[in-house]
Structure formats: structure tokens, C-alpha cells
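Visitor: As input, take data-v4.pdb (PDB, C-alpha atoms and all ligand atoms):
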ATOM      1  CA  MET A   1      80.684  87.954  91.761  1.00  0.00           C
ATOM      2  CA  ALA A   2      83.589  85.886  93.068  1.00  0.00           C
ATOM      3  CA  ASP A   3      84.685  82.797  91.214  1.00  0.00           C
ATOM      4  CA  PRO A   4      84.110  79.818  93.608  1.00  0.00           C
ATOM      5  CA  ALA A   5      86.890  77.852  91.911  1.00  0.00           C
ATOM      6  CA  ALA A   6      89.344  80.568  92.955  1.00  0.00           C
ATOM      7  CA  CYS A   7      88.760  79.780  96.665  1.00  0.00           C
ATOM      8  CA  SER A   8      90.315  76.341  96.628  1.00  0.00           C
ATOM      9  CA  THR A   9      94.088  76.339  96.197  1.00  0.00           C
ATOM     10  CA  ARG A  10      95.173  73.342  98.289  1.00  0.00           C
ATOM     11  CA  ALA A  11      95.137  69.844  96.821  1.00  0.00           C
ATOM     12  CA  VAL A  12      93.648  67.219  99.116  1.00  0.00           C
ATOM     13  CA  PRO A  13      95.871  64.118  99.152  1.00  0.00           C
ATOM     14  CA  ALA A  14      94.249  60.881  98.118  1.00  0.00           C
ATOM     15  CA  PRO A  15      93.491  58.315 100.822  1.00  0.00           C
ATOM     16  CA  GLU A  16      96.387  55.967 101.557  1.00  0.00           C
ATOM     17  CA  ARG A  17      95.774  52.240 101.766  1.00  0.00           C
ATOM     18  CA  LEU A  18      97.489  50.990 104.923  1.00  0.00           C
ATOM     19  CA  CYS A  19      96.816  47.273 105.175  1.00  0.00           C
ATOM     20  CA  GLU A  20      94.395  44.429 104.648  1.00  0.00           C
ATOM     21  CA  PRO A  21      91.412  44.515 107.015  1.00  0.00           C
ATOM     22  CA  ALA A  22      92.329  41.020 108.236  1.00  0.00           C
ATOM     23  CA  ALA A  23      95.782  42.266 109.283  1.00  0.00           C
ATOM     24  CA  LEU A  24      94.189  44.044 112.259  1.00  0.00           C
ATOM     25  CA  GLN A  25      92.928  41.627 114.886  1.00  0.00           C
ATOM     26  CA  ASP A  26      90.551  43.073 117.452  1.00  0.00           C
ATOM     27  CA  SER A  27      92.570  44.455 120.400  1.00  0.00           C
ATOM     28  CA  GLY A  28      95.674  43.107 118.722  1.00  0.00           C
ATOM     29  CA  ARG A  29      98.856  44.416 117.254  1.00  0.00           C
ATOM     30  CA  ALA A  30      98.621  47.790 115.492  1.00  0.00           C
ATOM     31  CA  PHE A  31      99.934  48.645 112.040  1.00  0.00           C
ATOM     32  CA  VAL A  32     102.549  51.383 112.383  1.00  0.00           C
ATOM     33  CA  PHE A  33     103.302  53.793 109.533  1.00  0.00           C
ATOM     34  CA  ASP A  34     105.313  56.907 108.765  1.00  0.00           C
ATOM     35  CA  VAL A  35     103.733  60.321 108.246  1.00  0.00           C
ATOM     36  CA  LEU A  36     104.745  63.961 108.064  1.00  0.00           C
ATOM     37  CA  GLU A  37     103.183  66.136 110.723  1.00  0.00           C
ATOM     38  CA  ARG A  38     103.497  69.765 109.656  1.00  0.00           C
ATOM     39  CA  GLY A  39     106.359  68.643 107.441  1.00  0.00           C
ATOM     40  CA  ARG A  40     108.245  66.764 110.157  1.00  0.00           C
ATOM     41  CA  PRO A  41     108.676  62.976 110.261  1.00  0.00           C
ATOM     42  CA  ALA A  42     106.437  61.200 112.749  1.00  0.00           C
ATOM     43  CA  ARG A  43     104.925  57.770 113.216  1.00  0.00           C
ATOM     44  CA  ALA A  44     101.298  56.796 113.482  1.00  0.00           C
ATOM     45  CA  PHE A  45      99.387  53.602 114.106  1.00  0.00           C
ATOM     46  CA  VAL A  46      96.048  52.054 113.268  1.00  0.00           C
ATOM     47  CA  LEU A  47      94.413  49.624 115.666  1.00  0.00           C
ATOM     48  CA  ARG A  48      91.236  47.601 115.613  1.00  0.00           C
ATOM     49  CA  TRP A  49      89.216  48.280 118.739  1.00  0.00           C
ATOM     50  CA  ARG A  50      85.853  46.646 119.385  1.00  0.00           C
ATOM     51  CA  GLY A  51      85.415  46.021 115.692  1.00  0.00           C
ATOM     52  CA  ALA A  52      86.208  49.554 114.501  1.00  0.00           C
ATOM     53  CA  VAL A  53      89.505  50.939 113.249  1.00  0.00           C
ATOM     54  CA  VAL A  54      91.078  53.901 115.053  1.00  0.00           C
ATOM     55  CA  ALA A  55      94.346  55.689 114.345  1.00  0.00           C
ATOM     56  CA  TYR A  56      96.584  58.100 116.241  1.00  0.00           C
ATOM     57  CA  LEU A  57      99.992  59.646 116.063  1.00  0.00           C
ATOM     58  CA  ASN A  58     102.436  57.470 117.986  1.00  0.00           C
ATOM     59  CA  ARG A  59     103.155  60.293 120.394  1.00  0.00           C
ATOM     60  CA  CYS A  60     102.399  60.398 124.086  1.00  0.00           C
ATOM     61  CA  ALA A  61     100.622  63.485 125.442  1.00  0.00           C
ATOM     62  CA  HIS A  62     102.925  63.491 128.488  1.00  0.00           C
ATOM     63  CA  VAL A  63     106.260  63.778 126.681  1.00  0.00           C
ATOM     64  CA  PRO A  64     106.375  63.684 122.883  1.00  0.00           C
ATOM     65  CA  ALA A  65     107.785  60.160 122.640  1.00  0.00           C
ATOM     66  CA  GLU A  66     106.708  56.984 120.852  1.00  0.00           C
ATOM     67  CA  MET A  67     104.640  54.765 123.122  1.00  0.00           C
ATOM     68  CA  ASP A  68     104.769  51.162 121.906  1.00  0.00           C
ATOM     69  CA  TRP A  69     106.845  48.724 123.950  1.00  0.00           C
ATOM     70  CA  GLN A  70     107.471  46.675 120.825  1.00  0.00           C
ATOM     71  CA  GLU A  71     106.574  47.814 117.334  1.00  0.00           C
ATOM     72  CA  GLY A  72     102.775  47.776 117.084  1.00  0.00           C
ATOM     73  CA  GLN A  73     102.189  46.742 120.696  1.00  0.00           C
ATOM     74  CA  PHE A  74     100.210  49.538 122.355  1.00  0.00           C
ATOM     75  CA  LEU A  75      97.664  47.825 124.589  1.00  0.00           C
ATOM     76  CA  ASP A  76      98.090  46.949 128.233  1.00  0.00           C
ATOM     77  CA  ALA A  77      98.094  43.347 129.497  1.00  0.00           C
ATOM     78  CA  GLU A  78      94.287  43.341 129.858  1.00  0.00           C
ATOM     79  CA  ARG A  79      93.948  44.788 126.337  1.00  0.00           C
ATOM     80  CA  ARG A  80      91.744  47.566 127.673  1.00  0.00           C
ATOM     81  CA  PHE A  81      93.835  50.731 127.268  1.00  0.00           C
ATOM     82  CA  ILE A  82      96.511  52.094 124.997  1.00  0.00           C
ATOM     83  CA  VAL A  83      99.437  52.456 127.358  1.00  0.00           C
ATOM     84  CA  CYS A  84     102.646  54.408 126.979  1.00  0.00           C
ATOM     85  CA  SER A  85     105.636  52.174 127.675  1.00  0.00           C
ATOM     86  CA  ILE A  86     107.703  55.018 129.113  1.00  0.00           C
ATOM     87  CA  HIS A  87     105.787  56.248 132.191  1.00  0.00           C
ATOM     88  CA  GLY A  88     102.525  54.323 131.918  1.00  0.00           C
ATOM     89  CA  ALA A  89     100.016  56.920 130.701  1.00  0.00           C
ATOM     90  CA  SER A  90      96.807  55.175 129.589  1.00  0.00           C
ATOM     91  CA  TYR A  91      94.463  56.275 126.848  1.00  0.00           C
ATOM     92  CA  GLU A  92      90.980  55.263 125.772  1.00  0.00           C
ATOM     93  CA  PRO A  93      91.404  53.380 122.492  1.00  0.00           C
ATOM     94  CA  ALA A  94      88.057  54.650 121.149  1.00  0.00           C
ATOM     95  CA  ASP A  95      88.884  58.376 121.278  1.00  0.00           C
ATOM     96  CA  GLY A  96      92.450  58.806 122.538  1.00  0.00           C
ATOM     97  CA  ARG A  97      91.486  60.595 125.775  1.00  0.00           C
ATOM     98  CA  CYS A  98      93.826  60.216 128.718  1.00  0.00           C
ATOM     99  CA  ALA A  99      92.379  57.622 131.106  1.00  0.00           C
ATOM    100  CA  GLY A 100      95.062  57.751 133.773  1.00  0.00           C
ATOM    101  CA  GLY A 101      98.685  58.453 134.533  1.00  0.00           C
ATOM    102  CA  PRO A 102     100.786  61.466 133.624  1.00  0.00           C
ATOM    103  CA  CYS A 103      98.894  62.459 130.449  1.00  0.00           C
ATOM    104  CA  GLY A 104      96.484  64.611 132.516  1.00  0.00           C
ATOM    105  CA  ARG A 105      93.886  66.261 130.294  1.00  0.00           C
ATOM    106  CA  GLY A 106      95.828  65.386 127.183  1.00  0.00           C
ATOM    107  CA  ARG A 107      94.778  63.099 124.413  1.00  0.00           C
ATOM    108  CA  LEU A 108      96.311  61.379 121.454  1.00  0.00           C
ATOM    109  CA  VAL A 109      96.203  63.080 118.058  1.00  0.00           C
ATOM    110  CA  ALA A 110      93.641  61.208 115.964  1.00  0.00           C
ATOM    111  CA  LEU A 111      93.919  60.433 112.270  1.00  0.00           C
ATOM    112  CA  THR A 112      90.917  59.691 110.063  1.00  0.00           C
ATOM    113  CA  VAL A 113      90.795  56.071 108.925  1.00  0.00           C
ATOM    114  CA  ARG A 114      88.095  54.020 107.260  1.00  0.00           C
ATOM    115  CA  GLU A 115      87.755  50.360 106.581  1.00  0.00           C
ATOM    116  CA  GLU A 116      86.656  49.245 103.123  1.00  0.00           C
ATOM    117  CA  ALA A 117      86.277  45.732 101.774  1.00  0.00           C
ATOM    118  CA  ASP A 118      89.715  45.859 100.145  1.00  0.00           C
ATOM    119  CA  GLY A 119      91.704  47.644 102.807  1.00  0.00           C
ATOM    120  CA  VAL A 120      92.056  50.047 105.685  1.00  0.00           C
ATOM    121  CA  TYR A 121      92.532  53.603 104.406  1.00  0.00           C
ATOM    122  CA  TRP A 122      94.002  56.680 106.012  1.00  0.00           C
ATOM    123  CA  TYR A 123      92.693  60.103 104.958  1.00  0.00           C
ATOM    124  CA  PRO A 124      95.485  62.692 105.259  1.00  0.00           C
ATOM    125  CA  SER A 125      94.684  66.139 106.625  1.00  0.00           C
ATOM    126  CA  ASP A 126      96.135  69.618 106.237  1.00  0.00           C
ATOM    127  CA  THR A 127      98.599  68.911 109.057  1.00  0.00           C
ATOM    128  CA  ILE A 128      99.283  65.166 108.779  1.00  0.00           C
ATOM    129  CA  GLN A 129     100.383  64.136 105.316  1.00  0.00           C
ATOM    130  CA  PRO A 130     101.925  61.118 103.600  1.00  0.00           C
ATOM    131  CA  VAL A 131     105.682  60.786 103.377  1.00  0.00           C
ATOM    132  CA  THR A 132     106.804  61.484  99.844  1.00  0.00           C
ATOM    133  CA  PHE A 133     109.953  60.301  98.227  1.00  0.00           C
ATOM    134  CA  ASP A 134     111.241  62.619  95.559  1.00  0.00           C
ATOM    135  CA  ALA A 135     112.876  60.813  92.672  1.00  0.00           C
ATOM    136  CA  PRO A 136     116.140  62.399  91.575  1.00  0.00           C
ATOM    137  CA  ALA A 137     115.838  64.422  88.407  1.00  0.00           C
ATOM    138  CA  ALA A 138     117.213  62.867  85.245  1.00  0.00           C
ATOM    139  CA  GLY A 139     120.932  63.489  84.948  1.00  0.00           C
ATOM    140  CA  THR A 140     121.318  64.190  88.697  1.00  0.00           C
ATOM    141  CA  PRO A 141     124.350  62.393  90.199  1.00  0.00           C
ATOM    142  CA  ALA A 142     123.369  59.783  92.814  1.00  0.00           C
TER
HETATM  143  S1  LIG B 201     106.242  59.734 127.876  1.00  0.00           S
HETATM  144 FE1  LIG B 201     104.375  58.619 127.884  1.00  0.00          FE
HETATM  145  S2  LIG B 201     103.846  58.527 129.981  1.00  0.00           S
HETATM  146 FE2  LIG B 201     105.629  59.751 129.955  1.00  0.00          FE
END
Show the structure stored in the file as C-alpha cells.
Ligand code: FES

Guide:
Amino acid sequence: MADPAACSTRAVPAPERLCEPAALQDSGRAFVFDVLERGRPARAFVLRWRGAVVAYLNRCAHVPAEMDWQEGQFLDAERRFIVCSIHGASYEPADGRCAGGPCGRGRLVALTVREEADGVYWYPSDTIQPVTFDAPAAGTPA
């Protein structure tokens, strides 16, 4: 009989606390943070939309570019859609689907976030992980 403990070899990173719940106003400015997507630096954002928190990679489905026109500003003037500042692609804030413009059938890459009483937490995945800073080993020249 196989040992079930032998099946799991990958450590699941702990949830990352991103910000205070009150820092995210409904349809307001997003909190932007750094991640590693498949080991490469990327940015992501968490936004409060109709009371819930949603998070996506800050990467347009049209061209892989960051979308905010100022840091954390993703919504259009009516505060209805996430809009890319480069060519105007619009996305549904609730699920990241393209709602118009050059994103076609594309959609934003979603991250799992949850709101708790003490903070908004991001749950890393196999492909989107926290940025880690390796401390230099003792005796290593700076
Ligand atoms: S890069 Fe976002 S619409 Fe073109």
C-alpha cells in the first residue's frame, strides 16, 4: 500500500496579509503588490468591488503590460470597469472577463484573496508566489 504522506512534496505558502480591510474603499483605489509568476517578477492588485475583494495580476490580456493609469487606479471614470490605460480594454471587476476593447476573449489572471477581520489576505498558488528576499549568508561580503 502506498504511503499517502509520500504524495505531497510541495509546501503550500502561507497566506500573505496585504492590507487593512478599511484601506480598500468600494470601487476605489486598489492595493498593488509584487509577486513572482512562475518565478518572474510581476505586479498584482486587490480591489474592493461591490463589497467583496477581488485580485488580479496587473497585466492586460491584450498586451502583457501594466494597466493602471496611476498606481492603484484601475477603474474607469464611471467606476464600472477595470480599464487598461494603454489601449482602453475593459474588464469586469467581479471576474476579470474582457467586457470590451482589444482584450477579445481574454481575461485577467485572478488571485485568491479573502477578507478577515484583521486584514485582506492573498493565498499564493503553485504559479503565483510571494517575492522572497534571501538574506546574505553569514560572512558573505555585501
Ligand atoms: S495593452 Fe491593455 S489594451 Fe492594449

Visitor: Would you give me, as a Markdown table, each residue of range 14-62 of chain A having an atom within 12 Å of an atom of range 66-87 of chain A, along with its shortest atom pair and that distance in Å to one decimal, using all atoms listed in the file and sorting by chain and residue number?

Guide:
| residue | atom | partner | partner_atom | distance |
| --- | --- | --- | --- | --- |
| A:Ala23 | CA | A:Gly72 | CA | 11.8 |
| A:Leu24 | CA | A:Gly72 | CA | 10.5 |
| A:Gln25 | CA | A:Gly72 | CA | 11.8 |
| A:Asp26 | CA | A:Arg79 | CA | 9.7 |
| A:Ser27 | CA | A:Arg79 | CA | 6.1 |
| A:Gly28 | CA | A:Gln73 | CA | 7.7 |
| A:Arg29 | CA | A:Gly72 | CA | 5.2 |
| A:Ala30 | CA | A:Gly72 | CA | 4.4 |
| A:Phe31 | CA | A:Gly72 | CA | 5.9 |
| A:Val32 | CA | A:Gly72 | CA | 5.9 |
| A:Phe33 | CA | A:Gly72 | CA | 9.7 |
| A:Ala42 | CA | A:Glu66 | CA | 9.1 |
| A:Arg43 | CA | A:Glu66 | CA | 7.9 |
| A:Ala44 | CA | A:Glu66 | CA | 9.1 |
| A:Phe45 | CA | A:Gly72 | CA | 7.4 |
| A:Val46 | CA | A:Gly72 | CA | 8.8 |
| A:Leu47 | CA | A:Gly72 | CA | 8.7 |
| A:Arg48 | CA | A:Leu75 | CA | 11.0 |
| A:Trp49 | CA | A:Arg80 | CA | 9.3 |
| A:Arg50 | CA | A:Arg80 | CA | 10.2 |
| A:Val54 | CA | A:Ile82 | CA | 11.5 |
| A:Ala55 | CA | A:Ile82 | CA | 11.4 |
| A:Tyr56 | CA | A:Ile82 | CA | 10.6 |
| A:Leu57 | CA | A:Glu66 | CA | 8.7 |
| A:Asn58 | CA | A:Glu66 | CA | 5.2 |
| A:Arg59 | CA | A:Glu66 | CA | 4.9 |
| A:Cys60 | CA | A:Met67 | CA | 6.1 |
| A:Ala61 | CA | A:Cys84 | CA | 9.4 |
| A:His62 | CA | A:His87 | CA | 8.6 |

Visitor: Apply the PyMOL selection byres (((chain A and resi 131) around 12) and not hetatm) to the displayed file and report the matching residues as a PyMOL selection string.

Guide: chain A and resi 13+16+33-44+124+128-130+132-134

Visitor: Rounded to one decimal in Å, what is the spacing between CA of Val120 in chain A and CA of Leu108 in chain A?

Guide: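 A separation of 19.9 Å between them.
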
Visitor: For range 17-33 of chain A, take all atoms listed in the file, fit an axis-aligned box around them, add 3 Å to each of the six sides, then output centre and edge lengths in Å rounded to one decimal, as lines of an AutoDock Vina configuration file.

Guide:
center_x = 96.9
center_y = 47.4
center_z = 111.1
size_x = 18.8
size_y = 18.8
size_z = 24.6

Visitor: Apply the PyMOL selection byres (((chain A and resi 107) around 9) and not hetatm) to the file shown and report the selected residues as a count of residues only.

Guide: 16

Visitor: Using only C-alpha atoms and all ligand atoms, which of A:Gly88, A:Gly51, A:Pro93, A:Gly100 sits nearest ligand LIG 201 (chain B)?

Guide: A:Gly88

Visitor: Taking N, CA and C atoms as the atom set, what does range 18-51 of chain A look like once completed, written as a PDB file, in the coordinates of the input?

Guide:
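Result file result06.pdb:
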ATOM      1  N   LEU A  18      96.502  51.372 103.915  1.00  0.00           N
ATOM      2  CA  LEU A  18      97.489  50.990 104.923  1.00  0.00           C
ATOM      3  C   LEU A  18      97.726  49.497 104.988  1.00  0.00           C
ATOM      4  N   CYS A  19      96.653  48.718 104.996  1.00  0.00           N
ATOM      5  CA  CYS A  19      96.816  47.273 105.175  1.00  0.00           C
ATOM      6  C   CYS A  19      95.511  46.568 104.843  1.00  0.00           C
ATOM      7  N   GLU A  20      95.590  45.256 104.813  1.00  0.00           N
ATOM      8  CA  GLU A  20      94.395  44.429 104.648  1.00  0.00           C
ATOM      9  C   GLU A  20      93.551  44.534 105.914  1.00  0.00           C
ATOM     10  N   PRO A  21      92.230  44.524 105.797  1.00  0.00           N
ATOM     11  CA  PRO A  21      91.412  44.515 107.015  1.00  0.00           C
ATOM     12  C   PRO A  21      91.756  43.367 107.963  1.00  0.00           C
ATOM     13  N   ALA A  22      92.046  42.192 107.399  1.00  0.00           N
ATOM     14  CA  ALA A  22      92.329  41.020 108.236  1.00  0.00           C
ATOM     15  C   ALA A  22      93.656  41.138 108.977  1.00  0.00           C
ATOM     16  N   ALA A  23      94.492  42.099 108.596  1.00  0.00           N
ATOM     17  CA  ALA A  23      95.782  42.266 109.283  1.00  0.00           C
ATOM     18  C   ALA A  23      95.600  42.851 110.679  1.00  0.00           C
ATOM     19  N   LEU A  24      94.431  43.423 110.953  1.00  0.00           N
ATOM     20  CA  LEU A  24      94.189  44.044 112.259  1.00  0.00           C
ATOM     21  C   LEU A  24      93.221  43.176 113.067  1.00  0.00           C
ATOM     22  N   GLN A  25      93.764  42.434 113.992  1.00  0.00           N
ATOM     23  CA  GLN A  25      92.928  41.627 114.886  1.00  0.00           C
ATOM     24  C   GLN A  25      92.370  42.523 115.984  1.00  0.00           C
ATOM     25  N   ASP A  26      91.161  42.242 116.424  1.00  0.00           N
ATOM     26  CA  ASP A  26      90.551  43.073 117.452  1.00  0.00           C
ATOM     27  C   ASP A  26      91.414  43.074 118.720  1.00  0.00           C
ATOM     28  N   SER A  27      91.716  44.271 119.221  1.00  0.00           N
ATOM     29  CA  SER A  27      92.570  44.455 120.400  1.00  0.00           C
ATOM     30  C   SER A  27      93.925  43.789 120.227  1.00  0.00           C
ATOM     31  N   GLY A  28      94.393  43.757 119.006  1.00  0.00           N
ATOM     32  CA  GLY A  28      95.674  43.107 118.722  1.00  0.00           C
ATOM     33  C   GLY A  28      96.759  44.104 118.370  1.00  0.00           C
ATOM     34  N   ARG A  29      97.718  43.605 117.651  1.00  0.00           N
ATOM     35  CA  ARG A  29      98.856  44.416 117.254  1.00  0.00           C
ATOM     36  C   ARG A  29      98.390  45.494 116.262  1.00  0.00           C
ATOM     37  N   ALA A  30      98.956  46.683 116.392  1.00  0.00           N
ATOM     38  CA  ALA A  30      98.621  47.790 115.492  1.00  0.00           C
ATOM     39  C   ALA A  30      99.539  47.769 114.276  1.00  0.00           C
ATOM     40  N   PHE A  31      99.090  48.411 113.219  1.00  0.00           N
ATOM     41  CA  PHE A  31      99.934  48.645 112.040  1.00  0.00           C
ATOM     42  C   PHE A  31     100.526  50.041 112.199  1.00  0.00           C
ATOM     43  N   VAL A  32     101.845  50.113 112.164  1.00  0.00           N
ATOM     44  CA  VAL A  32     102.549  51.383 112.383  1.00  0.00           C
ATOM     45  C   VAL A  32     103.030  51.909 111.031  1.00  0.00           C
ATOM     46  N   PHE A  33     102.893  53.219 110.820  1.00  0.00           N
ATOM     47  CA  PHE A  33     103.302  53.793 109.533  1.00  0.00           C
ATOM     48  C   PHE A  33     103.870  55.192 109.729  1.00  0.00           C
ATOM     49  N   ASP A  34     104.636  55.605 108.721  1.00  0.00           N
ATOM     50  CA  ASP A  34     105.313  56.907 108.765  1.00  0.00           C
ATOM     51  C   ASP A  34     104.420  57.984 108.162  1.00  0.00           C
ATOM     52  N   VAL A  35     104.474  59.162 108.748  1.00  0.00           N
ATOM     53  CA  VAL A  35     103.733  60.321 108.246  1.00  0.00           C
ATOM     54  C   VAL A  35     104.623  61.557 108.371  1.00  0.00           C
ATOM     55  N   LEU A  36     104.141  62.648 107.827  1.00  0.00           N
ATOM     56  CA  LEU A  36     104.745  63.961 108.064  1.00  0.00           C
ATOM     57  C   LEU A  36     103.719  64.794 108.809  1.00  0.00           C
ATOM     58  N   GLU A  37     104.069  65.247 109.993  1.00  0.00           N
ATOM     59  CA  GLU A  37     103.183  66.136 110.723  1.00  0.00           C
ATOM     60  C   GLU A  37     103.748  67.543 110.610  1.00  0.00           C
ATOM     61  N   ARG A  38     103.018  68.400 109.948  1.00  0.00           N
ATOM     62  CA  ARG A  38     103.497  69.765 109.656  1.00  0.00           C
ATOM     63  C   ARG A  38     104.899  69.732 109.046  1.00  0.00           C
ATOM     64  N   GLY A  39     105.097  68.755 108.166  1.00  0.00           N
ATOM     65  CA  GLY A  39     106.359  68.643 107.441  1.00  0.00           C
ATOM     66  C   GLY A  39     107.461  67.901 108.160  1.00  0.00           C
ATOM     67  N   ARG A  40     107.213  67.463 109.391  1.00  0.00           N
ATOM     68  CA  ARG A  40     108.245  66.764 110.157  1.00  0.00           C
ATOM     69  C   ARG A  40     107.915  65.279 110.267  1.00  0.00           C
ATOM     70  N   PRO A  41     108.939  64.407 110.171  1.00  0.00           N
ATOM     71  CA  PRO A  41     108.676  62.976 110.261  1.00  0.00           C
ATOM     72  C   PRO A  41     108.067  62.593 111.606  1.00  0.00           C
ATOM     73  N   ALA A  42     107.083  61.721 111.544  1.00  0.00           N
ATOM     74  CA  ALA A  42     106.437  61.200 112.749  1.00  0.00           C
ATOM     75  C   ALA A  42     105.930  59.801 112.419  1.00  0.00           C
ATOM     76  N   ARG A  43     105.504  59.091 113.442  1.00  0.00           N
ATOM     77  CA  ARG A  43     104.925  57.770 113.216  1.00  0.00           C
ATOM     78  C   ARG A  43     103.491  57.800 113.706  1.00  0.00           C
ATOM     79  N   ALA A  44     102.708  56.916 113.116  1.00  0.00           N
ATOM     80  CA  ALA A  44     101.298  56.796 113.482  1.00  0.00           C
ATOM     81  C   ALA A  44     100.962  55.313 113.533  1.00  0.00           C
ATOM     82  N   PHE A  45      99.796  55.008 114.070  1.00  0.00           N
ATOM     83  CA  PHE A  45      99.387  53.602 114.106  1.00  0.00           C
ATOM     84  C   PHE A  45      97.882  53.501 113.942  1.00  0.00           C
ATOM     85  N   VAL A  46      97.464  52.370 113.387  1.00  0.00           N
ATOM     86  CA  VAL A  46      96.048  52.054 113.268  1.00  0.00           C
ATOM     87  C   VAL A  46      95.812  50.749 114.005  1.00  0.00           C
ATOM     88  N   LEU A  47      94.713  50.715 114.748  1.00  0.00           N
ATOM     89  CA  LEU A  47      94.413  49.624 115.666  1.00  0.00           C
ATOM     90  C   LEU A  47      92.944  49.257 115.493  1.00  0.00           C
ATOM     91  N   ARG A  48      92.650  47.980 115.594  1.00  0.00           N
ATOM     92  CA  ARG A  48      91.236  47.601 115.613  1.00  0.00           C
ATOM     93  C   ARG A  48      90.796  47.507 117.072  1.00  0.00           C
ATOM     94  N   TRP A  49      89.721  48.223 117.371  1.00  0.00           N
ATOM     95  CA  TRP A  49      89.216  48.280 118.739  1.00  0.00           C
ATOM     96  C   TRP A  49      87.714  48.081 118.723  1.00  0.00           C
ATOM     97  N   ARG A  50      87.285  46.981 119.326  1.00  0.00           N
ATOM     98  CA  ARG A  50      85.853  46.646 119.385  1.00  0.00           C
ATOM     99  C   ARG A  50      85.213  46.699 117.998  1.00  0.00           C
ATOM    100  N   GLY A  51      85.924  46.152 117.051  1.00  0.00           N
ATOM    101  CA  GLY A  51      85.415  46.021 115.692  1.00  0.00           C
ATOM    102  C   GLY A  51      85.716  47.184 114.772  1.00  0.00           C
TER     103      GLY A  51
END
